[in-house]
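Undergrad: Before I ask anything, here is the structure I am working with.
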Amino acid sequence: MKALCWHGKHDIRCDTVPDPAIEHPRDAIVKISACAICGSDLHLFDGFIPGMKHGDIMGHEFMGEVMEVGKDNHALKPGDRVVVPFTIFCGECDQCRRGNFSVCERTNRNKETADKVFGHTTAGLFGYSHLTGGYPGGQAEYVRVPFADKTHIKVPEGLTDEQVLFLGDILPTGWQAAVQCEIEPTDTVAIWGAGPVGQMAIRSAVLLGARQVICIDHVPERLAMAREGGAVIIDFENESVVERLGELTGGKGPEKCIDAVGLEAHVMRSFDSFYDRAKQAVMAESDRPHVLREMMYVCRPAGILSVPGVYGGLVDKIPFGMAMNKGLTIRTGQTHVNRWTDDLLRRIQDGQIDPSFVITHTVPLEKGPGMYKTFRDKEDGCIKVVLKP
Ligand code: NAD
Ligand code: ZN
Ligand code: ZN
């Protein structure tokens, strides 16, 4: 079959590889009808995440038709149409029983390596390095889904691929980011990043009843899409984020802040005269990560910082004393996808949200390698790429 494979930093190729086969009685083999490139794939593309090997199959946002199931998989049968969540979960361990699917204790088959690097294990993830199980991803014609009797979302009749594909990642990710903000009707929610995750977080914060949603980015098309979704926008290239957030909240600061940027936060901005020395010390001390420092600085005391943005390795020079003294709550993590998907599927069916609005590019799988750069560099108005094997 054809699959998009990692061959090193900035080197993704469409290779011919062996078809996957059932390896375990709970598995399923899924024929992919649509898959997407996620902002998290860009961290692999840019070489920020360790544990990748030559030839690893990329992709963790995908869906398709069940072709074959293992003998103990009684939840699925050939012909079923499924979206596959990016977090592989067993459904039975202590964390799964608490709904903490992204930290499932049983699905990461490289637990020892993960323990060494993270100090604990996380769930197995598709196409996301050997630290999270080294499971071949879904930017391919077929994929083996481990623990498939649990790790799936069945698609009801009458919905297109485009309407449900993002249930596997970015929609629940934006949703969880907003839910974890515990939004009150009087809240302002500020969201850094108008990429696909930021866009889903905006719609989620609006649906969850925030009084005001503000989005910060510098890409015109993305800011325009954010505004259409109901956000007040701040272009960090041309405005002082701190000053504008102050104006928009009567000097109080947003009660809730979401980092939908992650590792890309090293994109630097110039500091303006608004900052006094104390602020300079916090904001300018290191060149990264900018978004986390800015959020801690502007968030209203007793507020919540929600961080779906992906970080890897050491994140230093965070003004943690500021967060402590302001009494901020910080929430982060990979998304517990299936905790949210029944509710989100209902909202899609009800017409409350149609996540397909983010798609700007749909291309055949073979064109996938070139789309990584297009997506990362926001060329050609690119916001979200869907690949069709
Ligand atoms: P993306 O790269 O398309 O979007 C990031 C956006 O942030 C871009 O539009 C960029 O212009 C903007 N940005 C860069 N620096 C900024 C700054 N200093 N201030 C404000 N905006 C800035 O990616 P995406 O697909 O939207 O994903 C966003 C993040 O969410 C990534 O880190 C990704 O890995 C992460 N993610 C996490 C999960 C999870 O389970 N927690 C799931 C999916 C994605
Ligand atoms: Zn993702
Ligand atoms: Zn589990």
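For the structure tokens, the naming scheme is as follows: chains receive sequential letters (A, B, ...) according to their order of presentation, residues are indexed from 1 within each chain, and ligands are indexed from 1 in presentation order.
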Applying 7 Å and only C-alpha atoms, which residues near range 97-113 of chain A remain after dropping the ones on its own chain fewer than 6 positions away? List them as a list in words.
TA: Thr87, Ile88, Phe89, Cys90, Gly91, Thr121, Thr122, Ala123, Gly124, His130, Leu131, Thr132, Gly133, Gln334, Thr335, His336 and Arg339 of chain A
Undergrad: Can I get the residues of range 28-71 of chain A within 12 Å of range 196-200 of chain A, each with the closest pair of atoms and their distance in Å to one decimal, using only C-alpha atoms, sorted chain first then ascending number, as CSV?
TA:
```
residue,atom,partner,partner_atom,distance
A:Ala36,CA,A:Pro196,CA,11.0
A:Ile37,CA,A:Pro196,CA,10.3
A:Cys38,CA,A:Pro196,CA,8.1
A:Gly39,CA,A:Pro196,CA,7.8
A:Ser40,CA,A:Val197,CA,10.2
```
Undergrad: Include C-alpha atoms and write out the residues we just selected as a short mmCIF file (atom, residue, chain, number, x, y, z; two decimals), in the first residue's frame.
TA:
```cif
data_model
loop_
_atom_site.label_atom_id
_atom_site.label_comp_id
_atom_site.auth_asym_id
_atom_site.auth_seq_id
_atom_site.Cartn_x
_atom_site.Cartn_y
_atom_site.Cartn_z
CA ALA A 36 -5.58 15.01 7.73
CA ILE A 37 -2.29 16.67 8.58
CA CYS A 38 -2.33 17.99 12.15
CA GLY A 39 -0.28 20.81 13.72
CA SER A 40 1.27 18.06 15.86
#
```
Undergrad: Restricting the calculation to only C-alpha atoms and all ligand atoms: of A:Ile29, A:Ile234, A:Leu344, A:Leu165, which residue gets closest to ligand 1?
TA: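 Looking at the shortest contact to ligand 1, the residue is A:Ile234.
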Undergrad: Give me the residues within 7 Å of Asp27 in chain A as a list in words, counting only C-alpha atoms and dropping any in the same chain fewer than 6 places off.
TA: Val69, Gly70, Asn73, Arg144, Val145, Pro146, Phe147 and Ala148 of chain A
Undergrad: My list of candidates is A:Pro369, A:Gly246, A:Pro355, A:Pro85. Which is closest to Gly229 in chain A when distances are computed with only C-alpha atoms?
TA: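 Ranked by minimum distance to Gly229 in chain A, first place goes to A:Pro355.
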Undergrad: In terms of the shortest atom-to-atom distance over only C-alpha atoms, which of A:His361, A:Arg331, A:Lys9, A:Lys77 is closest to Lys154 in chain A?
TA: A:Lys77
Undergrad: Among the residues of range 144-305 of chain A, find those DSSP assigns to alpha helix (DSSP H) from the backbone and print them as an mmCIF file with N, CA and C atoms, in the first residue's frame.
TA:
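What landed in selection15.cif:
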```cif
data_model
loop_
_atom_site.group_PDB
_atom_site.id
_atom_site.type_symbol
_atom_site.label_atom_id
_atom_site.label_comp_id
_atom_site.auth_asym_id
_atom_site.auth_seq_id
_atom_site.Cartn_x
_atom_site.Cartn_y
_atom_site.Cartn_z
ATOM 1 N N ASP A 161 -17.585 12.472 5.264
ATOM 2 C CA ASP A 161 -16.261 12.331 5.898
ATOM 3 C C ASP A 161 -15.819 13.661 6.495
ATOM 4 N N GLU A 162 -16.001 14.725 5.729
ATOM 5 C CA GLU A 162 -15.519 16.041 6.160
ATOM 6 C C GLU A 162 -16.183 16.502 7.454
ATOM 7 N N GLN A 163 -17.455 16.117 7.648
ATOM 8 C CA GLN A 163 -18.161 16.535 8.869
ATOM 9 C C GLN A 163 -17.656 15.818 10.118
ATOM 10 N N VAL A 164 -17.148 14.593 9.957
ATOM 11 C CA VAL A 164 -16.807 13.803 11.158
ATOM 12 C C VAL A 164 -15.311 13.526 11.338
ATOM 13 N N ILE A 170 -8.774 17.254 16.264
ATOM 14 C CA ILE A 170 -8.812 18.700 16.550
ATOM 15 C C ILE A 170 -10.127 19.208 17.142
ATOM 16 N N LEU A 171 -11.267 18.566 16.797
ATOM 17 C CA LEU A 171 -12.521 19.054 17.391
ATOM 18 C C LEU A 171 -12.559 18.768 18.894
ATOM 19 N N PRO A 172 -12.379 17.495 19.322
ATOM 20 C CA PRO A 172 -12.327 17.288 20.777
ATOM 21 C C PRO A 172 -11.174 18.021 21.460
ATOM 22 N N THR A 173 -10.098 18.280 20.734
ATOM 23 C CA THR A 173 -8.981 19.007 21.349
ATOM 24 C C THR A 173 -9.375 20.456 21.656
ATOM 25 N N GLY A 174 -9.980 21.125 20.687
ATOM 26 C CA GLY A 174 -10.456 22.493 20.941
ATOM 27 C C GLY A 174 -11.537 22.505 22.011
ATOM 28 N N TRP A 175 -12.388 21.485 21.969
ATOM 29 C CA TRP A 175 -13.490 21.365 22.932
ATOM 30 C C TRP A 175 -12.951 21.146 24.349
ATOM 31 N N GLN A 176 -12.038 20.163 24.496
ATOM 32 C CA GLN A 176 -11.475 19.898 25.824
ATOM 33 C C GLN A 176 -10.764 21.142 26.369
ATOM 34 N N ALA A 177 -10.063 21.841 25.473
ATOM 35 C CA ALA A 177 -9.362 23.059 25.907
ATOM 36 C C ALA A 177 -10.361 24.059 26.488
ATOM 37 N N ALA A 178 -11.519 24.173 25.846
ATOM 38 C CA ALA A 178 -12.534 25.121 26.324
ATOM 39 C C ALA A 178 -13.249 24.588 27.564
ATOM 40 N N VAL A 179 -13.579 23.304 27.582
ATOM 41 C CA VAL A 179 -14.255 22.713 28.758
ATOM 42 C C VAL A 179 -13.379 22.883 29.997
ATOM 43 N N PRO A 196 -5.972 25.265 13.140
ATOM 44 C CA PRO A 196 -7.154 24.402 13.256
ATOM 45 C C PRO A 196 -7.608 24.190 14.705
ATOM 46 N N VAL A 197 -6.666 23.993 15.618
ATOM 47 C CA VAL A 197 -7.058 23.766 17.020
ATOM 48 C C VAL A 197 -7.656 25.048 17.623
ATOM 49 N N GLY A 198 -7.002 26.171 17.368
ATOM 50 C CA GLY A 198 -7.538 27.445 17.856
ATOM 51 C C GLY A 198 -8.943 27.701 17.314
ATOM 52 N N GLN A 199 -9.153 27.385 16.024
ATOM 53 C CA GLN A 199 -10.475 27.598 15.410
ATOM 54 C C GLN A 199 -11.542 26.757 16.126
ATOM 55 N N MET A 200 -11.208 25.494 16.432
ATOM 56 C CA MET A 200 -12.173 24.626 17.134
ATOM 57 C C MET A 200 -12.388 25.138 18.566
ATOM 58 N N ALA A 201 -11.326 25.660 19.178
ATOM 59 C CA ALA A 201 -11.461 26.188 20.547
ATOM 60 C C ALA A 201 -12.374 27.420 20.562
ATOM 61 N N ILE A 202 -12.265 28.250 19.522
ATOM 62 C CA ILE A 202 -13.131 29.442 19.438
ATOM 63 C C ILE A 202 -14.594 29.017 19.392
ATOM 64 N N ARG A 203 -14.923 28.094 18.442
ATOM 65 C CA ARG A 203 -16.326 27.647 18.314
ATOM 66 C C ARG A 203 -16.802 27.011 19.620
ATOM 67 N N SER A 204 -15.901 26.266 20.267
ATOM 68 C CA SER A 204 -16.283 25.590 21.510
ATOM 69 C C SER A 204 -16.559 26.615 22.612
ATOM 70 N N ALA A 205 -15.684 27.609 22.732
ATOM 71 C CA ALA A 205 -15.873 28.621 23.787
ATOM 72 C C ALA A 205 -17.166 29.398 23.565
ATOM 73 N N VAL A 206 -17.484 29.656 22.277
ATOM 74 C CA VAL A 206 -18.743 30.354 21.967
ATOM 75 C C VAL A 206 -19.934 29.462 22.358
ATOM 76 N N LEU A 207 -19.870 28.175 21.947
ATOM 77 C CA LEU A 207 -20.958 27.243 22.289
ATOM 78 C C LEU A 207 -21.119 27.078 23.800
ATOM 79 N N PRO A 220 -3.425 36.557 8.271
ATOM 80 C CA PRO A 220 -4.699 37.226 7.954
ATOM 81 C C PRO A 220 -5.869 36.273 7.710
ATOM 82 N N GLU A 221 -5.662 35.202 6.911
ATOM 83 C CA GLU A 221 -6.795 34.295 6.608
ATOM 84 C C GLU A 221 -7.298 33.615 7.873
ATOM 85 N N ARG A 222 -6.362 33.287 8.735
ATOM 86 C CA ARG A 222 -6.732 32.581 9.975
ATOM 87 C C ARG A 222 -7.470 33.529 10.917
ATOM 88 N N LEU A 223 -7.011 34.774 10.967
ATOM 89 C CA LEU A 223 -7.702 35.762 11.811
ATOM 90 C C LEU A 223 -9.105 36.034 11.263
ATOM 91 N N ALA A 224 -9.223 36.070 9.935
ATOM 92 C CA ALA A 224 -10.545 36.314 9.333
ATOM 93 C C ALA A 224 -11.494 35.168 9.699
ATOM 94 N N MET A 225 -10.990 33.933 9.650
ATOM 95 C CA MET A 225 -11.816 32.768 10.011
ATOM 96 C C MET A 225 -12.195 32.816 11.492
ATOM 97 N N ALA A 226 -11.274 33.291 12.310
ATOM 98 C CA ALA A 226 -11.543 33.412 13.756
ATOM 99 C C ALA A 226 -12.664 34.425 13.993
ATOM 100 N N ARG A 227 -12.610 35.511 13.244
ATOM 101 C CA ARG A 227 -13.639 36.558 13.400
ATOM 102 C C ARG A 227 -15.006 36.024 12.981
ATOM 103 N N GLU A 228 -15.015 35.266 11.875
ATOM 104 C CA GLU A 228 -16.282 34.646 11.433
ATOM 105 C C GLU A 228 -16.862 33.725 12.491
ATOM 106 N N VAL A 241 -0.328 42.771 22.251
ATOM 107 C CA VAL A 241 -1.303 41.799 22.753
ATOM 108 C C VAL A 241 -1.724 42.171 24.171
ATOM 109 N N VAL A 242 -0.748 42.499 25.000
ATOM 110 C CA VAL A 242 -1.038 42.803 26.408
ATOM 111 C C VAL A 242 -1.936 44.037 26.512
ATOM 112 N N GLU A 243 -1.609 45.038 25.743
ATOM 113 C CA GLU A 243 -2.379 46.288 25.784
ATOM 114 C C GLU A 243 -3.811 46.073 25.292
ATOM 115 N N ARG A 244 -3.949 45.364 24.173
ATOM 116 C CA ARG A 244 -5.283 45.121 23.603
ATOM 117 C C ARG A 244 -6.127 44.257 24.529
ATOM 118 N N LEU A 245 -5.503 43.236 25.127
ATOM 119 C CA LEU A 245 -6.267 42.381 26.051
ATOM 120 C C LEU A 245 -6.717 43.198 27.257
ATOM 121 N N GLY A 246 -5.871 44.137 27.674
ATOM 122 C CA GLY A 246 -6.249 45.029 28.779
ATOM 123 C C GLY A 246 -7.466 45.866 28.392
ATOM 124 N N GLU A 247 -7.408 46.471 27.216
ATOM 125 C CA GLU A 247 -8.533 47.312 26.750
ATOM 126 C C GLU A 247 -9.829 46.509 26.660
ATOM 127 N N LEU A 248 -9.715 45.299 26.121
ATOM 128 C CA LEU A 248 -10.916 44.493 25.867
ATOM 129 C C LEU A 248 -11.521 43.888 27.140
ATOM 130 N N ARG A 277 9.746 47.746 33.287
ATOM 131 C CA ARG A 277 10.908 46.873 33.495
ATOM 132 C C ARG A 277 10.530 45.494 34.026
ATOM 133 N N ALA A 278 9.595 45.471 34.964
ATOM 134 C CA ALA A 278 9.216 44.178 35.533
ATOM 135 C C ALA A 278 8.671 43.261 34.450
ATOM 136 N N LYS A 279 7.843 43.833 33.629
ATOM 137 C CA LYS A 279 7.272 43.031 32.546
ATOM 138 C C LYS A 279 8.375 42.586 31.596
ATOM 139 N N GLN A 280 9.284 43.522 31.317
ATOM 140 C CA GLN A 280 10.391 43.164 30.427
ATOM 141 C C GLN A 280 11.126 41.948 30.964
ATOM 142 N N ALA A 281 11.334 41.970 32.290
ATOM 143 C CA ALA A 281 12.102 40.879 32.894
ATOM 144 C C ALA A 281 11.397 39.550 32.656
ATOM 145 N N VAL A 282 10.082 39.557 32.782
ATOM 146 C CA VAL A 282 9.346 38.313 32.587
ATOM 147 C C VAL A 282 9.260 37.959 31.115
ATOM 148 N N MET A 283 8.927 38.944 30.314
ATOM 149 C CA MET A 283 8.597 38.663 28.924
ATOM 150 C C MET A 283 9.829 38.451 28.052
ATOM 151 N N HIS A 290 7.091 31.916 24.327
ATOM 152 C CA HIS A 290 6.493 33.221 24.476
ATOM 153 C C HIS A 290 5.042 33.160 24.943
ATOM 154 N N VAL A 291 4.270 32.266 24.370
ATOM 155 C CA VAL A 291 2.828 32.240 24.636
ATOM 156 C C VAL A 291 2.544 31.929 26.112
ATOM 157 N N LEU A 292 3.241 30.947 26.662
ATOM 158 C CA LEU A 292 3.004 30.583 28.069
ATOM 159 C C LEU A 292 3.318 31.755 28.988
ATOM 160 N N ARG A 293 4.410 32.444 28.725
ATOM 161 C CA ARG A 293 4.764 33.589 29.583
ATOM 162 C C ARG A 293 3.718 34.688 29.464
ATOM 163 N N GLU A 294 3.297 34.938 28.228
ATOM 164 C CA GLU A 294 2.316 36.003 27.997
ATOM 165 C C GLU A 294 0.992 35.670 28.699
ATOM 166 N N MET A 295 0.590 34.399 28.612
ATOM 167 C CA MET A 295 -0.664 33.982 29.256
ATOM 168 C C MET A 295 -0.591 34.170 30.761
ATOM 169 N N MET A 296 0.514 33.764 31.348
ATOM 170 C CA MET A 296 0.649 33.919 32.807
ATOM 171 C C MET A 296 0.614 35.392 33.191
ATOM 172 N N TYR A 297 1.190 36.203 32.344
ATOM 173 C CA TYR A 297 1.238 37.625 32.646
ATOM 174 C C TYR A 297 -0.137 38.287 32.546
ATOM 175 N N VAL A 298 -0.892 37.994 31.495
ATOM 176 C CA VAL A 298 -2.147 38.734 31.270
ATOM 177 C C VAL A 298 -3.359 38.122 31.981
#
```
Undergrad: Taking only C-alpha atoms and all ligand atoms into account, which of A:Lys116, A:His43, A:Lys326, A:Lys71 comes nearest ligand 1?
TA: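 Looking only at the distances to ligand 1, the closest residue turns out to be A:His43.
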Undergrad: Mind checking DSSP for range 19-161 of chain A and telling me the strand (DSSP E or B) residues as an NGL selection string?
TA: :A and (28-37 or 56-57 or 62-69 or 81-84 or 87-88 or 124-126 or 135 or 140 or 142-145 or 153-154)
Undergrad: Go ahead and dump the residues you just picked, N, CA and C atoms, as a CSV table (one decimal), in the first residue's frame.
TA:
```
chain,number,residue,atom,x,y,z
A,28,ALA,N,-8.5,-4.1,14.5
A,28,ALA,CA,-9.2,-4.0,13.3
A,28,ALA,C,-8.3,-3.5,12.2
A,29,ILE,N,-8.6,-3.8,10.9
A,29,ILE,CA,-7.9,-3.2,9.8
A,29,ILE,C,-8.9,-2.2,9.2
A,30,VAL,N,-8.5,-1.0,9.0
A,30,VAL,CA,-9.4,0.0,8.5
A,30,VAL,C,-8.8,0.5,7.1
A,31,LYS,N,-9.7,0.6,6.1
A,31,LYS,CA,-9.3,1.2,4.8
A,31,LYS,C,-9.6,2.7,4.9
A,32,ILE,N,-8.6,3.5,4.8
A,32,ILE,CA,-8.7,4.9,5.0
A,32,ILE,C,-9.5,5.6,3.9
A,33,SER,N,-10.5,6.4,4.2
A,33,SER,CA,-11.2,7.2,3.2
A,33,SER,C,-10.7,8.6,3.2
A,34,ALA,N,-10.3,9.1,4.4
A,34,ALA,CA,-9.8,10.5,4.5
A,34,ALA,C,-8.9,10.6,5.7
A,35,CYS,N,-7.9,11.4,5.6
A,35,CYS,CA,-7.0,11.7,6.7
A,35,CYS,C,-6.5,13.1,6.6
A,36,ALA,N,-6.0,13.6,7.7
A,36,ALA,CA,-5.6,15.0,7.7
A,36,ALA,C,-4.2,15.2,8.3
A,37,ILE,N,-3.6,16.3,8.0
A,37,ILE,CA,-2.3,16.7,8.6
A,37,ILE,C,-2.6,17.6,9.8
A,56,ASP,N,8.8,5.4,9.5
A,56,ASP,CA,7.6,5.4,10.3
A,56,ASP,C,6.5,6.0,9.6
A,57,ILE,N,5.3,5.4,9.6
A,57,ILE,CA,4.1,5.9,8.9
A,57,ILE,C,3.5,7.0,9.7
A,62,PHE,N,-7.7,10.3,11.2
A,62,PHE,CA,-8.1,9.5,10.0
A,62,PHE,C,-9.4,8.7,10.3
A,63,MET,N,-10.0,8.3,9.2
A,63,MET,CA,-11.3,7.5,9.2
A,63,MET,C,-11.4,6.6,8.0
A,64,GLY,N,-12.3,5.7,8.1
A,64,GLY,CA,-12.5,4.8,7.0
A,64,GLY,C,-13.5,3.7,7.3
A,65,GLU,N,-13.3,2.6,6.5
A,65,GLU,CA,-14.2,1.5,6.6
A,65,GLU,C,-13.4,0.3,7.2
A,66,VAL,N,-14.1,-0.4,8.1
A,66,VAL,CA,-13.5,-1.6,8.7
A,66,VAL,C,-13.5,-2.7,7.7
A,67,MET,N,-12.3,-3.3,7.5
A,67,MET,CA,-12.2,-4.4,6.5
A,67,MET,C,-12.2,-5.8,7.2
A,68,GLU,N,-11.5,-5.8,8.4
A,68,GLU,CA,-11.3,-7.1,9.0
A,68,GLU,C,-11.2,-6.8,10.5
A,69,VAL,N,-11.7,-7.8,11.3
A,69,VAL,CA,-11.5,-7.6,12.8
A,69,VAL,C,-10.9,-8.8,13.4
A,81,ARG,N,-18.3,2.0,9.4
A,81,ARG,CA,-17.6,3.3,9.1
A,81,ARG,C,-17.2,3.9,10.4
A,82,VAL,N,-15.9,4.1,10.5
A,82,VAL,CA,-15.4,4.6,11.8
A,82,VAL,C,-14.4,5.8,11.6
A,83,VAL,N,-14.5,6.7,12.6
A,83,VAL,CA,-13.4,7.7,12.8
A,83,VAL,C,-12.5,7.0,13.9
A,84,VAL,N,-11.2,7.2,13.8
A,84,VAL,CA,-10.3,6.6,14.7
A,84,VAL,C,-9.7,7.7,15.6
A,87,THR,N,-5.7,8.9,20.3
A,87,THR,CA,-5.3,8.2,21.5
A,87,THR,C,-5.8,6.8,21.5
A,88,ILE,N,-4.9,5.8,21.6
A,88,ILE,CA,-5.3,4.4,21.6
A,88,ILE,C,-5.6,4.1,23.1
A,124,GLY,N,-0.8,4.9,24.0
A,124,GLY,CA,-0.2,4.7,22.6
A,124,GLY,C,-0.9,5.7,21.7
A,125,LEU,N,-0.1,6.3,20.8
A,125,LEU,CA,-0.6,7.2,19.8
A,125,LEU,C,-0.3,6.7,18.4
A,126,PHE,N,-1.1,7.0,17.4
A,126,PHE,CA,-0.8,6.6,16.0
A,126,PHE,C,0.2,7.6,15.5
A,135,TYR,N,3.2,3.2,16.9
A,135,TYR,CA,2.2,2.6,16.1
A,135,TYR,C,2.1,3.3,14.7
A,140,ALA,N,-2.2,6.8,5.1
A,140,ALA,CA,-1.9,5.6,4.4
A,140,ALA,C,-3.2,5.1,3.8
A,142,TYR,N,-4.3,1.9,4.3
A,142,TYR,CA,-4.8,1.0,5.4
A,142,TYR,C,-4.1,1.2,6.7
A,143,VAL,N,-4.7,0.9,7.8
A,143,VAL,CA,-4.1,1.0,9.1
A,143,VAL,C,-4.5,-0.1,10.0
A,144,ARG,N,-3.7,-0.6,10.8
A,144,ARG,CA,-4.1,-1.5,11.9
A,144,ARG,C,-4.4,-0.7,13.1
A,145,VAL,N,-5.7,-0.9,13.6
A,145,VAL,CA,-6.1,-0.2,14.8
A,145,VAL,C,-6.0,-1.1,16.0
A,153,ILE,N,-14.8,5.5,16.8
A,153,ILE,CA,-16.1,6.3,16.9
A,153,ILE,C,-16.9,5.9,15.7
A,154,LYS,N,-18.0,5.3,16.0
A,154,LYS,CA,-18.9,4.8,14.9
A,154,LYS,C,-19.6,6.0,14.2
```
Undergrad: For each of A:Tyr372, A:Ala231, A:Phe357, A:Gly79, take the minimum atom-to-atom distance to His10 in chain A, counting only C-alpha atoms, then give the residue where this is smallest.
TA: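 For His10 in chain A, the nearest of the given residues is A:Tyr372.
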Undergrad: So what do you get for CA of Phe48 in chain A versus CA of Tyr128 in chain A, distance-wise?
TA: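 Interatomic distance here is 11.6 Å.
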Undergrad: So, with only C-alpha atoms as the atoms that count, which of A:Met371, A:Gln352, A:Tyr311, A:Ile304 lies closest to Leu263 in chain A?
TA: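 The answer is A:Tyr311, which sits nearest to Leu263 in chain A.
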Undergrad: Considering only C-alpha atoms, return as a PyMOL selection string whatever protein or nucleic-acid residues lie within 12 Å of Cys181 in chain A, sequence-local ones (same chain, fewer than 4 positions apart) excluded.
TA: chain A and resi 174-177+185+187-191+201+204-205+208-210+254-259+302-308+328-332
Undergrad: Could those selected residues go to a file with C-alpha atoms, as a short mmCIF file (atom, residue, chain, number, x, y, z; two decimals), in the first residue's frame?
TA:
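Result file out_1.cif:
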```cif
data_model
loop_
_atom_site.label_atom_id
_atom_site.label_comp_id
_atom_site.auth_asym_id
_atom_site.auth_seq_id
_atom_site.Cartn_x
_atom_site.Cartn_y
_atom_site.Cartn_z
CA GLY A 174 -10.46 22.49 20.94
CA TRP A 175 -13.49 21.37 22.93
CA GLN A 176 -11.48 19.90 25.82
CA ALA A 177 -9.36 23.06 25.91
CA PRO A 185 -21.19 33.47 31.29
CA ASP A 187 -15.83 35.18 31.15
CA THR A 188 -13.52 36.47 28.50
CA VAL A 189 -11.61 33.60 26.89
CA ALA A 190 -8.39 34.54 25.07
CA ILE A 191 -7.05 32.00 22.60
CA ALA A 201 -11.46 26.19 20.55
CA SER A 204 -16.28 25.59 21.51
CA ALA A 205 -15.87 28.62 23.79
CA LEU A 208 -20.06 26.99 25.97
CA GLY A 209 -21.35 30.51 26.52
CA ALA A 210 -18.32 32.74 26.99
CA PRO A 254 -9.05 37.51 30.43
CA GLU A 255 -10.32 35.06 33.03
CA LYS A 256 -9.46 32.11 30.81
CA CYS A 257 -6.50 31.68 28.43
CA ILE A 258 -5.89 28.90 25.89
CA ASP A 259 -2.51 28.14 24.30
CA ALA A 302 -7.61 33.12 39.93
CA GLY A 303 -8.01 32.41 36.22
CA ILE A 304 -7.36 29.23 34.26
CA LEU A 305 -4.68 28.52 31.66
CA SER A 306 -5.59 25.68 29.33
CA VAL A 307 -2.74 24.32 27.22
CA PRO A 308 -3.63 21.95 24.39
CA LEU A 328 -3.75 30.40 38.37
CA THR A 329 -4.91 26.92 37.50
CA ILE A 330 -3.00 25.25 34.68
CA ARG A 331 -4.47 22.41 32.66
CA THR A 332 -2.80 20.59 29.82
#
```
Undergrad: If we count only C-alpha atoms and set the cut-off at 7 Å, which residues sit around range 362-367 of chain A, ignoring sequence neighbours fewer than 6 positions away in its own chain? Please answer as an MDAnalysis selection string.
TA: chainID A and resid 14 385:389
Undergrad: With N, CA and C atoms retained, could you export that selection as a PDB file, in the first residue's frame?
TA:
```
ATOM      1  N   CYS A  14       6.082   9.623   0.121  1.00  0.00           N
ATOM      2  CA  CYS A  14       5.001   8.665  -0.126  1.00  0.00           C
ATOM      3  C   CYS A  14       5.652   7.367  -0.600  1.00  0.00           C
ATOM      4  N   VAL A 385      -5.373  20.655   5.851  1.00  0.00           N
ATOM      5  CA  VAL A 385      -5.215  19.793   4.678  1.00  0.00           C
ATOM      6  C   VAL A 385      -5.872  18.435   4.924  1.00  0.00           C
ATOM      7  N   VAL A 386      -6.722  18.017   3.993  1.00  0.00           N
ATOM      8  CA  VAL A 386      -7.285  16.665   4.025  1.00  0.00           C
ATOM      9  C   VAL A 386      -6.684  15.873   2.868  1.00  0.00           C
ATOM     10  N   LEU A 387      -6.252  14.636   3.165  1.00  0.00           N
ATOM     11  CA  LEU A 387      -5.656  13.770   2.142  1.00  0.00           C
ATOM     12  C   LEU A 387      -6.620  12.627   1.852  1.00  0.00           C
ATOM     13  N   LYS A 388      -6.768  12.315   0.568  1.00  0.00           N
ATOM     14  CA  LYS A 388      -7.661  11.213   0.173  1.00  0.00           C
ATOM     15  C   LYS A 388      -6.841  10.101  -0.472  1.00  0.00           C
ATOM     16  N   PRO A 389      -6.669   8.974   0.250  1.00  0.00           N
ATOM     17  CA  PRO A 389      -5.933   7.859  -0.351  1.00  0.00           C
ATOM     18  C   PRO A 389      -6.686   7.297  -1.564  1.00  0.00           C
TER      19      PRO A 389
END
```
Undergrad: Could you jot down the atom 22 (C, counted along the ligand's line) of ligand 1 to CA of Ile348 in chain A separation for me, Å, one decimal place?
TA: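 Atom-to-atom, atom 22 (C, counted along the ligand's line) of ligand 1 and CA of Ile348 in chain A are spaced 27.7 Å apart.
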